[in-house]
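Novice: Below you'll find target-v3.cif; it's mmCIF, C-alpha atoms.
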```cif
data_target
#
loop_
_atom_site.label_atom_id
_atom_site.label_comp_id
_atom_site.auth_asym_id
_atom_site.auth_seq_id
_atom_site.Cartn_x
_atom_site.Cartn_y
_atom_site.Cartn_z
CA MET O 1 69.34 255.72 50.48
CA LYS O 2 72.99 255.05 49.73
CA THR O 3 72.21 251.37 49.12
CA ILE O 4 69.48 252.23 46.60
CA LYS O 5 71.86 254.54 44.71
CA LEU O 6 74.53 251.83 44.70
CA ILE O 7 72.10 249.20 43.38
CA PHE O 8 70.86 251.62 40.70
CA ALA O 9 74.44 252.47 39.64
CA PHE O 10 75.39 248.77 39.49
CA SER O 11 72.28 247.95 37.44
CA LEU O 12 72.96 250.80 35.04
CA LEU O 13 76.62 249.80 34.68
CA SER O 14 75.75 246.16 34.02
CA TYR O 15 73.12 247.25 31.50
CA PHE O 16 75.55 249.35 29.48
CA SER O 17 78.44 246.89 29.75
CA SER O 18 76.47 243.79 28.82
CA THR O 19 77.27 241.84 25.70
CA ALA O 20 74.88 239.68 23.79
CA GLN O 21 75.42 235.94 23.88
CA ILE O 22 74.88 235.33 20.17
CA THR O 23 78.23 233.66 19.62
CA LYS O 24 79.15 230.12 18.59
CA GLY O 25 78.48 227.43 21.17
CA ASN O 26 75.80 229.25 23.17
CA TRP O 27 72.19 228.20 23.74
CA MET O 28 69.01 230.29 23.57
CA PHE O 29 65.71 229.40 25.29
CA GLY O 30 62.57 231.47 25.33
CA GLY O 31 59.34 232.21 23.62
CA ASN O 32 56.78 234.78 22.58
CA ALA O 33 53.06 235.45 22.51
CA SER O 34 50.82 237.08 19.91
CA PHE O 35 47.18 237.87 19.30
CA SER O 36 45.49 238.34 15.94
CA ASN O 37 42.14 238.77 14.22
CA LYS O 38 41.92 237.45 10.67
CA GLU O 39 39.79 236.03 7.86
CA ARG O 40 40.17 232.55 6.36
CA TYR O 41 38.86 231.39 2.96
CA ASN O 42 38.04 227.84 1.85
CA ASN O 43 40.06 226.83 -1.27
CA ASP O 44 37.05 225.17 -2.93
CA PHE O 45 34.41 227.78 -2.04
CA LYS O 46 35.79 231.32 -2.22
CA ASN O 47 32.59 232.74 -0.72
CA ASP O 48 32.99 230.56 2.40
CA LYS O 49 34.67 233.06 4.73
CA LEU O 50 35.59 232.57 8.41
CA LYS O 51 36.41 235.36 10.84
CA THR O 52 38.81 234.27 13.55
CA SER O 53 40.68 235.48 16.60
CA GLU O 54 43.81 233.67 17.71
CA PHE O 55 46.03 233.66 20.79
CA ASP O 56 49.40 232.00 20.12
CA ILE O 57 52.11 230.99 22.62
CA LYS O 58 55.46 229.69 21.32
CA ALA O 59 58.45 228.17 23.13
CA ASN O 60 61.82 227.61 21.51
CA ALA O 61 65.27 226.16 22.13
CA GLY O 62 68.19 226.90 19.81
CA TYR O 63 71.95 226.49 19.50
CA PHE O 64 74.41 228.91 17.87
CA PHE O 65 76.38 226.86 15.36
CA ILE O 66 78.34 229.90 14.23
CA GLU O 67 78.43 233.50 15.46
CA LYS O 68 75.02 235.21 15.03
CA LEU O 69 73.37 232.12 13.43
CA GLN O 70 71.37 229.53 15.31
CA ALA O 71 69.00 226.67 14.61
CA GLY O 72 66.55 224.99 16.91
CA VAL O 73 63.13 223.55 17.63
CA ARG O 74 59.87 225.31 18.45
CA ILE O 75 56.50 224.25 19.82
CA SER O 76 53.33 226.37 19.62
CA TYR O 77 49.94 226.22 21.26
CA LEU O 78 47.10 228.25 19.76
CA ASN O 79 43.62 228.94 21.04
CA TYR O 80 41.39 229.70 18.09
CA ASN O 81 37.86 231.16 17.98
CA LEU O 82 35.89 230.93 14.70
CA LYS O 83 32.86 232.78 13.45
CA ASN O 84 31.25 231.67 10.20
CA ASP O 85 28.34 233.43 8.51
CA ASP O 86 26.53 230.10 7.99
CA SER O 87 27.37 227.91 10.97
CA GLY O 88 27.85 230.36 13.85
CA ALA O 89 30.79 230.24 16.27
CA SER O 90 33.11 227.46 17.53
CA ASN O 91 36.40 227.01 19.33
CA LYS O 92 39.40 224.86 18.50
CA HIS O 93 43.05 224.56 19.39
CA TRP O 94 46.26 223.71 17.58
CA LEU O 95 49.51 222.12 18.57
CA LYS O 96 52.36 222.85 16.16
CA TYR O 97 55.95 221.58 16.10
CA GLY O 98 58.69 223.04 13.99
CA VAL O 99 62.32 223.67 13.23
CA TYR O 100 63.67 227.16 12.79
CA SER O 101 66.80 229.11 12.02
CA ARG O 102 67.56 232.64 13.20
CA TYR O 103 70.19 235.17 12.16
CA TYR O 104 71.24 238.35 14.02
CA PHE O 105 72.51 241.11 11.73
CA LEU O 106 74.53 243.34 14.08
CA LYS O 107 77.69 242.63 16.06
CA PRO O 108 77.30 240.45 19.21
CA GLU O 109 78.26 243.28 21.57
CA LYS O 110 75.36 245.51 20.50
CA LEU O 111 72.60 246.10 23.10
CA ILE O 112 69.97 246.24 20.36
CA ASN O 113 70.15 243.78 17.50
CA ILE O 114 67.94 242.86 14.52
CA PHE O 115 66.89 239.26 13.85
CA LEU O 116 65.43 237.35 10.91
CA ASP O 117 63.76 234.04 11.75
CA GLY O 118 62.45 231.34 9.39
CA GLU O 119 60.41 228.31 10.49
CA TYR O 120 58.85 225.19 8.96
CA PHE O 121 56.09 223.62 11.08
CA PHE O 122 53.54 220.81 11.10
CA GLY O 123 50.88 219.69 13.53
CA ASN O 124 47.20 219.12 14.24
CA GLN O 125 44.15 221.31 14.63
CA ILE O 126 41.43 219.83 16.84
CA TYR O 127 37.96 221.21 17.53
CA TYR O 128 37.11 221.33 21.24
CA ASN O 129 34.38 218.72 20.90
CA GLY O 130 37.01 216.33 19.43
CA ASP O 131 34.86 215.31 16.46
CA TYR O 132 37.00 216.98 13.78
CA LYS O 133 40.73 217.05 13.19
CA ASP O 134 42.89 218.65 10.48
CA ASN O 135 46.57 218.07 9.75
CA LEU O 136 48.54 221.18 8.95
CA ASN O 137 51.93 222.31 7.72
CA GLY O 138 53.43 225.60 6.68
CA PHE O 139 56.13 228.18 7.09
CA SER O 140 56.68 231.38 9.01
CA ILE O 141 59.07 234.34 8.61
CA SER O 142 59.67 236.81 11.46
CA ALA O 143 61.85 239.88 11.87
CA GLY O 144 62.35 242.59 14.46
CA PRO O 145 64.55 244.08 17.16
CA THR O 146 66.01 242.25 20.14
CA ILE O 147 66.84 244.41 23.17
CA PHE O 148 69.40 242.91 25.56
CA PHE O 149 68.84 243.81 29.23
CA ASN O 150 72.11 242.08 30.15
CA SER O 151 74.25 239.26 28.77
CA SER O 152 71.60 236.64 29.50
CA VAL O 153 68.13 238.16 29.02
CA ALA O 154 66.59 239.89 26.01
CA MET O 155 63.17 241.11 24.96
CA GLU O 156 62.12 240.83 21.33
CA MET O 157 59.39 242.38 19.24
CA GLY O 158 58.56 240.86 15.91
CA ILE O 159 56.38 241.10 12.87
CA ASN O 160 55.45 237.64 11.61
CA TYR O 161 54.08 236.34 8.32
CA SER O 162 52.90 232.73 8.12
CA SER O 163 51.21 230.53 5.56
CA THR O 164 49.44 227.34 6.71
CA LYS O 165 47.84 224.57 4.66
CA TYR O 166 45.12 222.42 6.27
CA LYS O 167 44.19 218.88 5.14
CA GLY O 168 41.33 216.86 6.57
CA VAL O 169 37.87 218.17 7.33
CA ASN O 170 38.67 221.60 5.89
CA ASP O 171 41.13 221.70 2.98
CA SER O 172 42.16 225.34 3.14
CA THR O 173 45.05 227.78 3.21
CA GLU O 174 45.52 230.57 5.71
CA ASN O 175 47.91 233.52 5.42
CA ASN O 176 48.51 235.58 8.54
CA LEU O 177 50.37 238.76 9.50
CA GLN O 178 50.76 239.49 13.21
CA PHE O 179 52.96 241.14 15.83
CA SER O 180 54.58 239.31 18.75
CA LEU O 181 56.36 240.10 22.00
CA GLY O 182 58.73 237.66 23.68
CA PHE O 183 61.70 237.05 25.94
CA GLN O 184 64.83 234.99 25.36
CA ILE O 185 67.39 233.61 27.80
CA PHE O 186 70.95 233.07 26.56
CA LEU O 187 73.19 230.50 28.22
CA ASP O 188 76.90 231.13 27.90
CA LYS O 189 79.21 228.30 26.89
CA GLN O 190 81.49 227.05 29.65
#
```
Can I see the file as C-alpha cells?

Specialist:
Amino acid sequence: MKTIKLIFAFSLLSYFSSTAQITKGNWMFGGNASFSNKERYNNDFKNDKLKTSEFDIKANAGYFFIEKLQAGVRISYLNYNLKNDDSGASNKHWLKYGVYSRYYFLKPEKLINIFLDGEYFFGNQIYYNGDYKDNLNGFSISAGPTIFFNSSVAMEMGINYSSTKYKGVNDSTENNLQFSLGFQIFLDKQ
C-alpha cells in the first residue's frame, strides 16, 4: 500500500511540476483523429448534393523555430462514404500531404495551452474500385486547448475548418467543420 501511495504522489508531483516543451529547438510528433458527417455540392449543378461520412487520421512532425512557434509536415488518410440521391452509395479514400504552422498562445510552462494551426495540403482522392481519381488541394485552420500530462506528452482537442477543391472526375468544393482529438509527443533538445 505504501508503494502505491508513493507512486501516486510521484505521478502527481511530476504532473504539477511539468513544463511544456514548446521552446526553440524542440521537436513535436503526433497526430489526431476525427469523424464527421457532411453534405457536398457540385459547383456546376447546385442541386447535385452528396451526403458523406468521413473518418480522418492525421500524423505530423514539426520543429520549433522560435519559442511557441513551429512548422512541419503532415500526412492524412481519410476513409470516405458517399450517398447520392441519384447514384446510391460508394466508398473512396484520400491521401493528403501538407505543410503546417502552429502557434501556442500561453507561456511554455503552462499545463494547459491554446494553439492555432494553419495547413495547406494537396493529394489524391481515389474510389475503391480504382476507376476514378480526383486531385485535390486546400487549406485547414484548427484551434483548441492542449493539455500537458508531463513535459513530453500532451492531449489536444481541436475544432477544425477546412476548404478543399477537387479537380478531375468531380470538379467541386467542399467546406467542412469538425472536432478532433489527438496526442503529441515533444522531444527536448539536447

Novice: Could you give me, as CSV, a per-residue list for range 105-137 of chain O showing, wherever an atom lies at most 6 Å from an atom of range 146-152 of chain O, the closest pair of atoms and their distance in Å to one decimal, using all atoms listed in the file and sorting by chain then residue number from low to high?

Specialist:
```
residue,atom,partner,partner_atom,distance
O:Leu111,CA,O:Phe148,CA,5.1
O:Ile112,CA,O:Ile147,CA,4.6
O:Asn113,CA,O:Thr146,CA,5.1
O:Ile114,CA,O:Thr146,CA,6.0
```

Novice: Which residues are near range 24-30 of chain O? Cut-off 10 Å, all atoms listed in the file, ignore same chain within fewer than 6 positions. Put them as number ranges by chain.

Specialist: O: 58-74, 152-155, 182-190

Novice: On this structure, which residues satisfy the PyMOL selection byres ((chain O and resi 143) around 6), written as a list in words?

Specialist: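 Applied to this file, the PyMOL selection byres ((chain O and resi 143) around 6) returns Phe115, Leu116, Ser142, Gly144, Gly158 and Ile159 of chain O.
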
Novice: What is the CA of Lys167 in chain O-CA of Leu50 in chain O distance in Å, reported with one decimal?

Specialist: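 According to the coordinates, CA of Lys167 in chain O and CA of Leu50 in chain O are separated by 16.5 Å.
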
Novice: Using the chain letters and numbers from the file, give me the residues hit by the PyMOL selection byres ((chain O and resi 119) around 10), as number ranges by chain.

Specialist: O: 71-74, 97-102, 117-118, 120-121, 138-142, 162

Novice: Fix up range 62-75 of chain O with N, CA, C and O atoms, then write it as a compact mmCIF listing (two decimals), in the frame of the given file.

Specialist:
```txt
# COMPACT_ATOMS: atom_id res chain seq x y z
N GLY O 62 67.30 226.86 20.96
CA GLY O 62 68.19 226.90 19.81
C GLY O 62 69.65 226.93 20.22
O GLY O 62 69.99 227.28 21.35
N TYR O 63 70.50 226.58 19.29
CA TYR O 63 71.95 226.49 19.50
C TYR O 63 72.65 227.32 18.43
O TYR O 63 72.29 227.23 17.25
N PHE O 64 73.64 228.11 18.82
CA PHE O 64 74.41 228.91 17.87
C PHE O 64 75.54 228.06 17.29
O PHE O 64 76.53 227.77 17.96
N PHE O 65 75.37 227.67 16.03
CA PHE O 65 76.38 226.86 15.36
C PHE O 65 77.56 227.70 14.90
O PHE O 65 78.69 227.22 14.85
N ILE O 66 77.29 228.93 14.53
CA ILE O 66 78.34 229.90 14.23
C ILE O 66 77.88 231.23 14.85
O ILE O 66 76.73 231.37 15.26
N GLU O 67 78.79 232.20 14.88
CA GLU O 67 78.43 233.50 15.46
C GLU O 67 77.23 234.10 14.73
O GLU O 67 77.20 234.13 13.50
N LYS O 68 76.22 234.53 15.49
CA LYS O 68 75.02 235.21 15.03
C LYS O 68 74.01 234.33 14.31
O LYS O 68 72.97 234.79 13.90
N LEU O 69 74.29 233.02 14.13
CA LEU O 69 73.37 232.12 13.43
C LEU O 69 73.06 230.92 14.31
O LEU O 69 73.97 230.25 14.79
N GLN O 70 71.77 230.67 14.50
CA GLN O 70 71.37 229.53 15.31
C GLN O 70 70.28 228.74 14.61
O GLN O 70 69.63 229.23 13.69
N ALA O 71 70.10 227.52 15.07
CA ALA O 71 69.00 226.67 14.61
C ALA O 71 68.44 225.97 15.84
O ALA O 71 69.14 225.77 16.83
N GLY O 72 67.16 225.62 15.76
CA GLY O 72 66.55 224.99 16.91
C GLY O 72 65.18 224.42 16.62
O GLY O 72 64.76 224.30 15.47
N VAL O 73 64.48 224.10 17.70
CA VAL O 73 63.13 223.55 17.63
C VAL O 73 62.16 224.49 18.32
O VAL O 73 62.54 225.25 19.22
N ARG O 74 60.89 224.42 17.90
CA ARG O 74 59.87 225.31 18.45
C ARG O 74 58.56 224.53 18.58
O ARG O 74 58.25 223.71 17.73
N ILE O 75 57.83 224.82 19.63
CA ILE O 75 56.50 224.25 19.82
C ILE O 75 55.54 225.41 20.06
O ILE O 75 55.90 226.39 20.72
```
